[in-house]
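Enquirer: What follows is run_11.csv, made up of CSV, C-alpha atoms:
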chain,number,residue,atom,x,y,z
A,6,MET,CA,-18.1,-8.4,22.3
A,7,PRO,CA,-17.7,-6.0,25.2
A,8,ASP,CA,-14.3,-7.4,26.2
A,9,GLN,CA,-12.7,-6.8,22.9
A,10,PRO,CA,-10.0,-4.1,22.9
A,11,LEU,CA,-11.9,-1.7,20.5
A,12,SER,CA,-15.4,-2.3,21.7
A,13,GLY,CA,-17.4,0.9,21.9
A,14,LEU,CA,-15.4,2.7,19.2
A,15,THR,CA,-17.1,3.9,15.9
A,16,ILE,CA,-15.3,4.2,12.6
A,17,VAL,CA,-16.7,6.0,9.5
A,18,ASP,CA,-14.9,4.5,6.5
A,19,PHE,CA,-14.8,6.2,3.1
A,20,THR,CA,-12.2,3.8,1.6
A,21,THR,CA,-12.4,1.4,-1.3
A,22,LEU,CA,-10.5,-1.5,-2.8
A,23,LEU,CA,-7.8,-2.8,-0.5
A,24,PRO,CA,-5.6,-0.7,1.8
A,25,GLY,CA,-8.4,1.1,3.8
A,26,PRO,CA,-11.0,-1.7,3.8
A,27,LEU,CA,-8.4,-4.1,5.2
A,28,ALA,CA,-7.4,-1.6,7.8
A,29,SER,CA,-11.0,-1.1,9.0
A,30,LEU,CA,-11.6,-4.8,8.8
A,31,ILE,CA,-8.7,-5.4,11.3
A,32,LEU,CA,-10.2,-2.7,13.6
A,33,SER,CA,-13.7,-4.2,13.2
A,34,GLU,CA,-12.5,-7.7,14.1
A,35,ALA,CA,-11.0,-6.1,17.3
A,36,GLY,CA,-14.4,-4.8,18.3
A,37,ALA,CA,-14.9,-1.5,16.6
A,38,GLU,CA,-18.2,-0.6,14.8
A,39,VAL,CA,-17.3,0.2,11.2
A,40,ILE,CA,-19.7,2.2,9.0
A,41,LYS,CA,-18.7,1.9,5.4
A,42,VAL,CA,-19.8,4.8,3.1
A,43,GLU,CA,-20.2,3.8,-0.6
A,44,PRO,CA,-21.7,5.5,-3.7
A,45,PRO,CA,-25.3,4.6,-4.5
A,46,SER,CA,-24.1,1.9,-6.9
A,47,GLY,CA,-21.7,0.4,-4.4
A,48,GLU,CA,-17.9,0.4,-4.5
A,49,ASP,CA,-16.0,-1.2,-7.4
A,50,MET,CA,-14.8,-4.2,-5.3
A,51,ARG,CA,-18.4,-5.4,-5.0
A,52,ARG,CA,-18.1,-6.5,-8.7
A,53,ALA,CA,-14.7,-8.2,-8.4
A,54,PRO,CA,-14.5,-11.9,-9.2
A,55,PRO,CA,-14.8,-14.6,-8.0
A,56,ALA,CA,-18.5,-14.6,-7.1
A,57,TRP,CA,-19.8,-16.0,-3.9
A,58,GLY,CA,-23.5,-16.4,-4.7
A,59,SER,CA,-24.7,-12.9,-5.2
A,60,HIS,CA,-21.7,-11.4,-3.5
A,61,SER,CA,-18.1,-10.8,-4.5
A,62,ALA,CA,-15.9,-13.1,-2.4
A,63,ILE,CA,-13.1,-10.6,-2.3
A,64,PHE,CA,-15.4,-7.8,-1.2
A,65,SER,CA,-16.9,-10.1,1.4
A,66,LEU,CA,-13.4,-11.0,2.8
A,67,LEU,CA,-12.6,-7.3,3.2
A,68,ASN,CA,-15.9,-5.9,4.4
A,69,ALA,CA,-18.0,-8.6,6.1
A,70,GLY,CA,-19.2,-7.4,9.5
A,71,LYS,CA,-19.3,-3.7,8.5
A,72,LYS,CA,-22.4,-1.6,8.3
A,73,CYS,CA,-22.9,-0.1,4.8
A,74,LEU,CA,-24.4,3.3,3.8
A,75,ALA,CA,-25.0,4.3,0.2
A,76,LEU,CA,-24.7,8.0,-0.4
A,77,ASP,CA,-23.9,10.5,-3.1
A,78,LEU,CA,-21.2,12.6,-1.5
A,79,LYS,CA,-21.7,15.3,-4.1
A,80,ASN,CA,-25.2,15.8,-2.8
A,81,PRO,CA,-25.3,18.3,0.1
A,82,LYS,CA,-28.3,16.5,1.6
A,83,HIS,CA,-26.4,13.3,1.7
A,84,ARG,CA,-23.3,14.9,3.2
A,85,ASP,CA,-25.4,16.6,5.9
A,86,ALA,CA,-27.0,13.3,6.8
A,87,LEU,CA,-23.5,12.0,7.7
A,88,LEU,CA,-22.6,14.8,10.1
A,89,PRO,CA,-24.4,13.3,13.1
A,90,LEU,CA,-22.5,10.1,12.6
A,91,ILE,CA,-19.2,11.9,12.2
A,92,GLU,CA,-19.9,14.0,15.3
A,93,ARG,CA,-20.1,10.8,17.5
A,94,ALA,CA,-17.4,8.9,15.6
A,95,ASP,CA,-14.0,8.1,17.0
A,96,ILE,CA,-12.1,7.5,13.8
A,97,LEU,CA,-12.6,8.5,10.1
A,98,VAL,CA,-10.6,6.7,7.4
A,99,GLU,CA,-10.5,8.1,3.8
A,100,GLN,CA,-8.5,7.2,0.7
A,101,PHE,CA,-9.2,9.9,-1.8
A,102,ARG,CA,-6.6,12.0,-3.5
A,103,PRO,CA,-5.5,15.1,-1.4
A,104,GLY,CA,-8.1,17.9,-1.7
A,105,VAL,CA,-11.2,15.7,-2.5
A,106,MET,CA,-12.5,15.6,1.0
A,107,ALA,CA,-11.9,19.4,1.4
A,108,ARG,CA,-14.0,20.0,-1.8
A,109,LEU,CA,-16.8,17.9,-0.2
A,110,GLY,CA,-16.6,19.9,3.1
A,111,LEU,CA,-15.4,16.7,4.9
A,112,ASP,CA,-11.7,17.6,5.5
A,113,PHE,CA,-10.1,17.3,8.9
A,114,ALA,CA,-10.1,21.1,9.7
A,115,THR,CA,-13.9,21.2,9.1
A,116,LEU,CA,-14.7,18.1,10.9
A,117,ALA,CA,-12.4,18.8,13.9
A,118,ASN,CA,-14.6,21.8,14.7
A,119,LEU,CA,-17.6,19.4,14.8
A,120,ASN,CA,-15.7,16.6,16.7
A,121,PRO,CA,-12.4,17.7,18.3
A,122,LYS,CA,-11.7,14.1,19.4
A,123,LEU,CA,-11.9,12.7,15.8
A,124,ILE,CA,-8.9,10.7,14.6
A,125,TYR,CA,-8.8,11.3,10.9
A,126,CYS,CA,-6.7,8.9,8.8
A,127,SER,CA,-5.9,9.7,5.2
A,128,ILE,CA,-4.4,6.8,3.1
A,129,THR,CA,-2.8,7.8,-0.2
A,130,GLY,CA,-0.1,6.7,-2.5
A,131,TYR,CA,2.2,9.7,-2.1
A,132,GLY,CA,0.9,11.6,0.9
A,133,GLN,CA,-0.9,14.9,1.4
A,134,THR,CA,2.1,17.0,0.4
A,135,GLY,CA,4.9,17.0,-2.2
A,136,GLU,CA,5.0,17.1,-6.0
A,137,PHE,CA,3.7,13.5,-6.4
A,138,ALA,CA,0.7,14.1,-4.1
A,139,GLN,CA,-1.9,14.3,-7.0
A,140,ARG,CA,-0.5,11.3,-8.9
A,141,ALA,CA,-2.6,8.3,-9.5
A,142,GLY,CA,-1.0,4.9,-8.8
A,143,HIS,CA,-1.3,1.4,-7.7
A,144,ASP,CA,0.9,-1.1,-5.9
A,145,LEU,CA,3.3,-1.7,-8.8
A,146,ASN,CA,3.8,2.1,-9.2
A,147,TYR,CA,4.7,2.6,-5.5
A,148,LEU,CA,7.2,-0.3,-5.6
A,149,ALA,CA,8.7,1.2,-8.7
A,150,GLU,CA,9.0,4.8,-7.2
A,151,THR,CA,10.8,3.6,-4.1
A,152,GLY,CA,13.5,1.5,-5.7
A,153,LEU,CA,12.2,-1.8,-4.4
A,154,LEU,CA,11.1,-3.1,-7.8
A,155,ALA,CA,14.6,-2.5,-9.2
A,156,LEU,CA,16.0,-5.0,-6.6
A,157,ASN,CA,13.5,-7.7,-7.6
A,158,PRO,CA,15.2,-10.8,-9.1
A,159,GLY,CA,14.8,-11.1,-12.8
A,160,SER,CA,16.2,-9.2,-15.8
A,161,PRO,CA,14.7,-6.5,-18.0
A,162,GLU,CA,14.2,-9.2,-20.6
A,163,ASN,CA,12.4,-11.5,-18.1
A,164,PRO,CA,11.0,-9.2,-15.3
A,165,GLN,CA,9.6,-10.9,-12.2
A,166,PHE,CA,6.4,-9.5,-10.8
A,167,PRO,CA,6.2,-9.3,-7.0
A,168,PRO,CA,3.7,-11.9,-5.8
A,169,VAL,CA,2.2,-9.7,-3.1
A,170,LEU,CA,0.6,-6.3,-2.9
A,171,ALA,CA,3.2,-5.0,-0.5
A,172,ALA,CA,2.6,-1.3,-0.9
A,173,ASP,CA,-1.2,-1.6,-0.3
A,174,ILE,CA,-0.9,-3.8,2.7
A,175,ALA,CA,2.5,-3.3,4.3
A,176,GLY,CA,2.7,0.4,3.2
A,177,GLY,CA,-1.0,1.3,3.6
A,178,THR,CA,-3.1,-1.0,5.7
A,179,TYR,CA,-0.6,-1.9,8.5
A,180,PRO,CA,0.8,1.6,9.0
A,181,ALA,CA,-2.8,3.0,9.1
A,182,VAL,CA,-3.7,0.5,11.9
A,183,ILE,CA,-0.6,1.2,13.8
A,184,ASN,CA,-1.0,5.0,13.6
A,185,ILE,CA,-4.7,4.9,14.5
A,186,LEU,CA,-3.9,2.8,17.6
A,187,LEU,CA,-1.1,5.2,18.6
A,188,ALA,CA,-3.4,8.2,18.0
A,189,LEU,CA,-6.0,6.6,20.3
A,190,ALA,CA,-3.4,6.3,23.0
A,191,MET,CA,-2.4,9.9,22.5
A,192,ARG,CA,-6.0,11.0,22.6
A,193,GLN,CA,-6.4,9.4,26.0
A,194,ARG,CA,-3.7,11.7,27.3
A,195,THR,CA,-4.6,14.9,25.4
A,196,GLY,CA,-8.4,14.5,24.7
A,197,LYS,CA,-7.7,15.7,21.1
A,198,GLY,CA,-7.9,14.0,17.8
A,199,THR,CA,-5.4,14.3,15.0
A,200,HIS,CA,-4.9,14.0,11.2
A,201,LEU,CA,-2.8,11.0,10.1
A,202,ASP,CA,-1.1,11.2,6.8
A,203,ILE,CA,-0.4,7.6,5.6
A,204,ALA,CA,1.6,7.6,2.4
A,205,MET,CA,2.1,4.1,1.0
A,206,THR,CA,5.4,5.0,-0.7
A,207,ASP,CA,6.9,6.5,2.4
A,208,ASN,CA,6.2,3.3,4.3
A,209,LEU,CA,8.0,1.1,1.8
A,210,PHE,CA,11.5,2.4,2.5
A,211,PRO,CA,11.9,0.4,5.7
A,212,PHE,CA,11.9,-2.7,3.5
A,213,ALA,CA,15.2,-1.6,2.1
A,214,PHE,CA,16.7,-1.3,5.6
A,215,TRP,CA,19.6,-3.6,4.5
A,216,ALA,CA,20.4,-1.7,1.3
A,217,LEU,CA,20.2,1.9,2.4
A,218,PRO,CA,23.3,2.0,4.6
A,219,TYR,CA,25.4,0.8,1.7
A,220,GLY,CA,24.2,3.7,-0.3
A,221,TRP,CA,24.3,6.3,2.4
A,222,LEU,CA,27.7,5.4,3.8
A,223,LYS,CA,29.6,4.1,0.8
A,224,ASN,CA,27.6,5.3,-2.2
A,225,ASP,CA,27.4,1.6,-3.1
A,226,TRP,CA,23.7,1.2,-3.9
A,227,PRO,CA,22.8,-2.4,-4.2
A,228,GLN,CA,21.6,-3.6,-7.5
A,229,ARG,CA,19.7,-6.6,-8.8
A,230,GLY,CA,21.9,-9.6,-8.1
A,231,SER,CA,24.6,-7.7,-6.2
A,232,HIS,CA,23.7,-8.6,-2.6
A,233,ALA,CA,22.7,-11.7,-0.7
A,234,PHE,CA,19.1,-10.5,-0.6
A,235,THR,CA,19.0,-10.0,-4.3
A,236,GLY,CA,20.5,-13.3,-5.5
A,237,SER,CA,24.3,-13.0,-5.2
A,238,SER,CA,24.9,-15.6,-2.4
A,239,PRO,CA,24.6,-19.4,-2.5
A,240,ARG,CA,23.4,-19.1,1.1
A,241,TYR,CA,20.2,-17.2,0.2
A,242,GLN,CA,19.0,-18.6,-3.1
A,243,LEU,CA,16.3,-20.5,-5.0
A,244,TYR,CA,17.3,-23.8,-6.5
A,245,ALA,CA,15.3,-25.9,-9.0
A,246,THR,CA,14.6,-29.5,-8.2
A,247,SER,CA,14.5,-32.3,-10.8
A,248,ASP,CA,10.7,-32.2,-11.0
A,249,GLY,CA,10.4,-28.5,-11.5
A,250,ALA,CA,9.8,-27.3,-8.0
A,251,LEU,CA,12.0,-24.9,-6.1
A,252,LEU,CA,14.0,-25.1,-2.9
A,253,ALA,CA,14.3,-21.9,-0.9
A,254,VAL,CA,17.6,-21.7,1.0
A,255,GLY,CA,18.1,-19.1,3.7
A,256,ALA,CA,21.2,-20.5,5.3
A,257,LEU,CA,22.8,-17.1,6.1
A,258,GLU,CA,24.4,-17.9,9.4
A,259,ASP,CA,27.5,-20.1,9.4
A,260,LYS,CA,25.9,-22.8,11.5
A,261,PHE,CA,23.0,-23.1,9.0
A,262,TRP,CA,25.3,-23.0,6.0
A,263,HIS,CA,27.6,-25.7,7.3
A,264,ALA,CA,24.6,-27.9,8.1
A,265,PHE,CA,23.2,-27.3,4.6
A,266,CYS,CA,26.5,-28.2,3.0
A,267,GLU,CA,26.7,-31.4,5.0
A,268,ALA,CA,23.1,-32.3,4.2
A,269,ILE,CA,23.6,-32.0,0.4
A,270,ALA,CA,27.2,-33.3,0.5
A,271,LEU,CA,28.5,-30.1,-1.2
A,272,GLU,CA,32.2,-30.5,-2.3
A,273,PRO,CA,34.6,-28.9,0.1
A,274,GLU,CA,36.0,-26.4,-2.4
A,275,HIS,CA,32.6,-24.8,-2.7
A,276,ARG,CA,31.8,-24.4,1.0
A,277,ASP,CA,33.6,-21.1,1.3
A,278,SER,CA,30.7,-19.2,-0.1
A,279,ALA,CA,32.5,-15.9,-0.3
A,280,SER,CA,35.6,-16.9,-2.3
A,281,ASN,CA,33.7,-17.8,-5.5
A,282,PRO,CA,29.9,-17.4,-4.9
A,283,GLN,CA,28.9,-18.0,-8.5
A,284,ALA,CA,30.8,-21.3,-8.6
A,285,ALA,CA,29.2,-22.3,-5.3
A,286,ILE,CA,25.7,-21.4,-6.6
A,287,GLN,CA,26.2,-23.5,-9.7
A,288,ALA,CA,27.5,-26.4,-7.7
A,289,VAL,CA,24.6,-26.3,-5.3
A,290,ARG,CA,22.2,-25.9,-8.3
A,291,ASN,CA,23.6,-29.1,-9.9
A,292,ILE,CA,23.1,-31.1,-6.7
A,293,ILE,CA,19.5,-29.9,-6.0
A,294,ALA,CA,18.6,-30.5,-9.6
A,295,SER,CA,19.5,-34.1,-9.3
A,296,GLU,CA,16.6,-35.0,-7.0
A,297,PRO,CA,12.8,-34.3,-6.8
A,298,ALA,CA,11.3,-31.9,-4.2
A,299,SER,CA,10.0,-34.8,-2.1
A,300,HIS,CA,13.6,-36.0,-1.6
A,301,TRP,CA,14.7,-32.6,-0.4
A,302,ASP,CA,11.6,-32.2,1.7
A,303,ARG,CA,12.5,-35.4,3.6
A,304,ILE,CA,16.2,-34.3,4.0
A,305,PHE,CA,15.5,-30.8,5.3
A,306,ALA,CA,12.7,-31.9,7.6
A,307,GLU,CA,15.5,-33.4,9.7
A,308,VAL,CA,18.2,-30.7,9.3
A,309,ASP,CA,18.1,-27.3,11.0
A,310,CYS,CA,19.4,-25.1,8.3
A,311,CYS,CA,16.6,-22.7,7.1
A,312,CYS,CA,15.6,-24.6,3.9
A,313,SER,CA,12.1,-25.1,2.6
A,314,VAL,CA,10.5,-26.5,-0.5
A,315,VAL,CA,8.5,-23.8,-2.1
A,316,ARG,CA,4.8,-24.6,-1.6
A,317,THR,CA,2.0,-23.7,-3.8
A,318,LEU,CA,-0.7,-21.6,-2.2
A,319,ALA,CA,-3.0,-24.6,-2.3
A,320,GLU,CA,-0.4,-26.7,-0.4
A,321,ALA,CA,0.3,-23.9,2.0
A,322,VAL,CA,-3.3,-23.5,3.2
A,323,ASP,CA,-3.6,-27.2,3.7
A,324,THR,CA,-0.4,-27.5,5.8
A,325,PRO,CA,-1.1,-29.0,9.2
A,326,HIS,CA,0.9,-26.4,11.0
A,327,PHE,CA,-1.4,-23.5,9.8
A,328,ARG,CA,-4.5,-25.6,10.3
A,329,GLU,CA,-3.5,-26.5,13.9
A,330,ARG,CA,-2.9,-22.8,14.6
A,331,GLY,CA,-6.5,-22.0,13.6
A,332,LEU,CA,-5.7,-19.6,10.8
A,333,PHE,CA,-8.6,-20.7,8.7
A,334,ASP,CA,-11.2,-21.4,11.5
A,335,TYR,CA,-13.1,-18.1,11.1
A,336,ALA,CA,-16.0,-18.1,8.6
A,337,LEU,CA,-18.3,-15.7,6.8
A,338,GLU,CA,-21.9,-16.5,5.9
A,339,ALA,CA,-24.4,-15.0,3.5
A,340,GLY,CA,-28.0,-16.2,3.3
A,341,GLY,CA,-27.6,-19.9,2.6
A,342,GLN,CA,-24.8,-19.5,0.2
A,343,GLY,CA,-22.5,-21.7,2.2
A,344,ALA,CA,-19.6,-20.6,4.5
A,345,LEU,CA,-16.6,-18.7,3.1
A,346,THR,CA,-13.4,-19.0,5.1
A,347,ALA,CA,-12.6,-15.6,6.5
A,348,LEU,CA,-9.3,-13.8,5.8
A,349,PRO,CA,-6.5,-14.7,8.2
A,350,LEU,CA,-5.6,-11.4,10.0
A,351,PRO,CA,-2.6,-10.3,12.1
A,352,LEU,CA,-4.6,-10.4,15.3
A,353,ASP,CA,-4.0,-12.6,18.3
A,354,PRO,CA,-7.1,-14.7,18.7
A,355,GLN,CA,-7.8,-13.4,22.2
A,356,LEU,CA,-8.2,-9.9,20.7
A,357,ARG,CA,-10.3,-11.0,17.7
A,358,ARG,CA,-14.0,-11.7,17.6
A,359,PRO,CA,-15.0,-15.3,18.6
A,360,LYS,CA,-14.6,-17.9,15.9
A,361,SER,CA,-18.2,-18.9,16.5
A,362,GLU,CA,-19.4,-15.5,15.5
A,363,GLN,CA,-19.9,-15.5,11.8
A,364,ARG,CA,-19.9,-12.3,9.8
A,365,SER,CA,-22.0,-11.4,6.7
A,366,PRO,CA,-21.4,-8.9,3.9
A,367,ALA,CA,-23.9,-6.1,3.9
A,368,LEU,CA,-25.9,-5.1,0.8
A,369,VAL,CA,-25.4,-1.7,-0.7
A,370,GLY,CA,-27.1,0.9,1.5
A,371,GLN,CA,-28.4,-1.8,3.9
A,372,HIS,CA,-28.0,0.3,7.0
A,373,ASN,CA,-29.2,3.7,5.6
A,374,ASP,CA,-32.5,3.6,7.5
A,375,GLU,CA,-30.9,2.3,10.7
A,376,LEU,CA,-28.1,4.9,10.8
A,377,LEU,CA,-29.6,7.9,9.0
A,378,GLY,CA,-33.3,7.5,9.9
A,379,ASP,CA,-35.6,9.8,8.0
A,380,SER,CA,-32.9,12.2,6.8
A,381,LEU,CA,-32.9,10.4,3.4
A,382,ALA,CA,-35.9,9.0,1.5
A,383,THR,CA,-34.0,6.3,-0.2
A,384,ALA,CA,-30.4,5.0,-0.5
A,385,GLY,CA,-30.3,5.9,-4.2
A,386,GLU,CA,-31.7,9.4,-3.9
A,387,ALA,CA,-29.7,12.2,-5.5
A,388,GLU,CA,-30.4,15.8,-6.1
A,389,GLY,CA,-27.9,17.2,-8.5
Can the structure in the file be given as structure tokens, please?

Expert:
Amino acid sequence: MPDQPLSGLTIVDFTTLLPGPLASLILSEAGAEVIKVEPPSGEDMRRAPPAWGSHSAIFSLLNAGKKCLALDLKNPKHRDALLPLIERADILVEQFRPGVMARLGLDFATLANLNPKLIYCSITGYGQTGEFAQRAGHDLNYLAETGLLALNPGSPENPQFPPVLAADIAGGTYPAVINILLALAMRQRTGKGTHLDIAMTDNLFPFAFWALPYGWLKNDWPQRGSHAFTGSSPRYQLYATSDGALLAVGALEDKFWHAFCEAIALEPEHRDSASNPQAAIQAVRNIIASEPASHWDRIFAEVDCCCSVVRTLAEAVDTPHFRERGLFDYALEAGGQGALTALPLPLDPQLRRPKSEQRSPALVGQHNDELLGDSLATAGEAEG
């Protein structure tokens, strides 16, 4: 749509799996043309379950609406065929280990000579420099290296896995989008592109904003269970109900804590949460465990104290609040296979494509002829 914020911009996307594809999806939904470059067999995510007809549902959620090229980047002819696209592109996103794009002749220094306005975004686990730069890793490794996993509730005997891919999305996708948009603003002033070094591990440290000052100022580094945010306070805690559900209590401020105490009729001797927090936790635990989740749901629907029954994902996506806000109104389509609800994205609806405009996942190499013309005979061609 011509009135979308990124209409007219072209992105060449070399990324796979999650961080880069989600970043280019967000930019695509805001109006940019995204050209995804895959190997001749397609990227691995195309084979990820669950299936949606002949497509992977996960691949479709992350890549619908993008144009797809199938190229062997080790083949000089295939690389050369890309150069006219890169010459007119605004943004390039890649997710290889440092040095790979240079070996292919597609590094920033080389391409900046071809296209001085190119914004070149590299997303890696550990960044372009430093002793970890060549390390392989995934989300769990990045959380482990930055100290966040050590703060996760649970014990070494019963470790708790984080339920979200925080490093990939919050450390990779979102910083990439933010920095690309800032680089576009800078290019408007200078006329020049830039190389963005997005390191997922670097971008996780802001999540420890509450813990770092204790360490830096007092050498008192928070540990598992030693701080309100890691389970030491009755005000910020998970409590089991009688039917096996959980109540999430976030009553940090005094007004919320007092309202919570009144709502559950907590004994007066346990309302001073600082004097004996473990005793208060146990007292609250006993009260919450005496009733089912439905009881507490009714109670806290009427009390303003930051308390919520823990929903399953199935319950959450069926919650009227989210339905009314239109989070699940966008849809994908793919050749008579039935609609697939599109991924909710952190975009204001007025900036995103219209809900009526359905997107489809492209086949491997579907746009080779359209974008590369006669420069390649077939999408699967390879010469060495």

Enquirer: What separation in Å, quoted to one decimal, exists between atom CA of A:Ser238 and atom CA of A:Phe265?

Expert: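 Pair atom CA of A:Ser238 / atom CA of A:Phe265 returns 13.7 Å.
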
Enquirer: Enter the distance from atom CA of A:Asp18 to atom CA of A:Ala114, in Å, rounded to one decimal.

Expert: 17.6 Å

Enquirer: When distances are computed from all atoms listed in the file, which of A:Glu338, A:Ala245, A:Gly236, A:Lys82 shows the smallest separation from A:Gly58?

Expert: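 Nearest candidate to A:Gly58 out of A:Glu338, A:Ala245, A:Gly236, A:Lys82: A:Glu338.
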
Enquirer: Please identify all polymer residues within 6 Å of stretch 272-287 of chain A, counting all atoms listed in the file, omitting same-chain residues fewer than 2 positions from it, and present them as a list in words.

Expert: Ser238, Pro239, Val289 and Arg290 of chain A

Enquirer: Keeping only C-alpha atoms, write the selected residues as a PDB file, in the frame of the given file.

Expert:
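Generated output (again-v3.pdb):
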ATOM      1  CA  SER A 238      24.900 -15.600  -2.400  1.00  0.00           C
ATOM      2  CA  PRO A 239      24.600 -19.400  -2.500  1.00  0.00           C
ATOM      3  CA  VAL A 289      24.600 -26.300  -5.300  1.00  0.00           C
ATOM      4  CA  ARG A 290      22.200 -25.900  -8.300  1.00  0.00           C
TER       5      ARG A 290
END

Enquirer: For A:Leu78, which residue among A:Val42, A:Leu350, A:Leu170, A:Ala306 is the nearest when counting all atoms listed in the file?

Expert: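 Among the listed residues, A:Val42 lies closest to A:Leu78.
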
Enquirer: Within 9 Å of A:Leu148, counting all atoms listed in the file, which residues qualify if same-chain residues fewer than 6 places away don't, as a ChimeraX atom specification?

Expert: /A:154-155,171-172,206,209

Enquirer: Give me, as a list in words, all polymer residues having an atom no more than 10 Å from A:Leu251, counting all atoms listed in the file and skipping those fewer than 4 positions away in the same chain.

Expert: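 The residues that qualify are Gln242, Leu243, Tyr244, Ala245, Thr246, Ser247, Ile293, Ala294, Pro297, Ala298, Trp301, Ser313, Val314, Val315 and Arg316 of chain A.
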
Enquirer: Which residue out of A:Ala28, A:Ala117, A:Ala347, A:Ala233 has the minimum interatomic distance to A:Ile183 when all atoms listed in the file are used?

Expert: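 Distance minimum relative to A:Ile183 lands on A:Ala28.
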
Enquirer: Which residues come within 8 Å of A:Ile128, counting all atoms listed in the file, excluding same-chain residues fewer than 4 positions away, as a list in words?

Expert: Pro24, Gly25, Val98, Glu99, Gln100, Phe101, Gly132, Gly177, Ala181, Asp202, Ile203, Ala204 and Met205 of chain A

Enquirer: Could you save the residues just selected, with C-alpha atoms, as a short mmCIF file (atom, residue, chain, number, x, y, z; two decimals), keeping the file's coordinate frame?

Expert:
data_model
loop_
_atom_site.label_atom_id
_atom_site.label_comp_id
_atom_site.auth_asym_id
_atom_site.auth_seq_id
_atom_site.Cartn_x
_atom_site.Cartn_y
_atom_site.Cartn_z
CA PRO A 24 -5.60 -0.70 1.80
CA GLY A 25 -8.40 1.10 3.80
CA VAL A 98 -10.60 6.70 7.40
CA GLU A 99 -10.50 8.10 3.80
CA GLN A 100 -8.50 7.20 0.70
CA PHE A 101 -9.20 9.90 -1.80
CA GLY A 132 0.90 11.60 0.90
CA GLY A 177 -1.00 1.30 3.60
CA ALA A 181 -2.80 3.00 9.10
CA ASP A 202 -1.10 11.20 6.80
CA ILE A 203 -0.40 7.60 5.60
CA ALA A 204 1.60 7.60 2.40
CA MET A 205 2.10 4.10 1.00
#

Enquirer: So how far away is atom CA of A:Ala190 from atom CA of A:Lys72, in Å?

Expert: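 Going from atom CA of A:Lys72 over to atom CA of A:Ala190 covers 25.3 Å.
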
Enquirer: Which is closest to A:Arg358 among A:Glu267, A:Asp144, A:Asp8, A:Asp225, if we use only C-alpha atoms?

Expert: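 The closest residue to A:Arg358 is A:Asp8.
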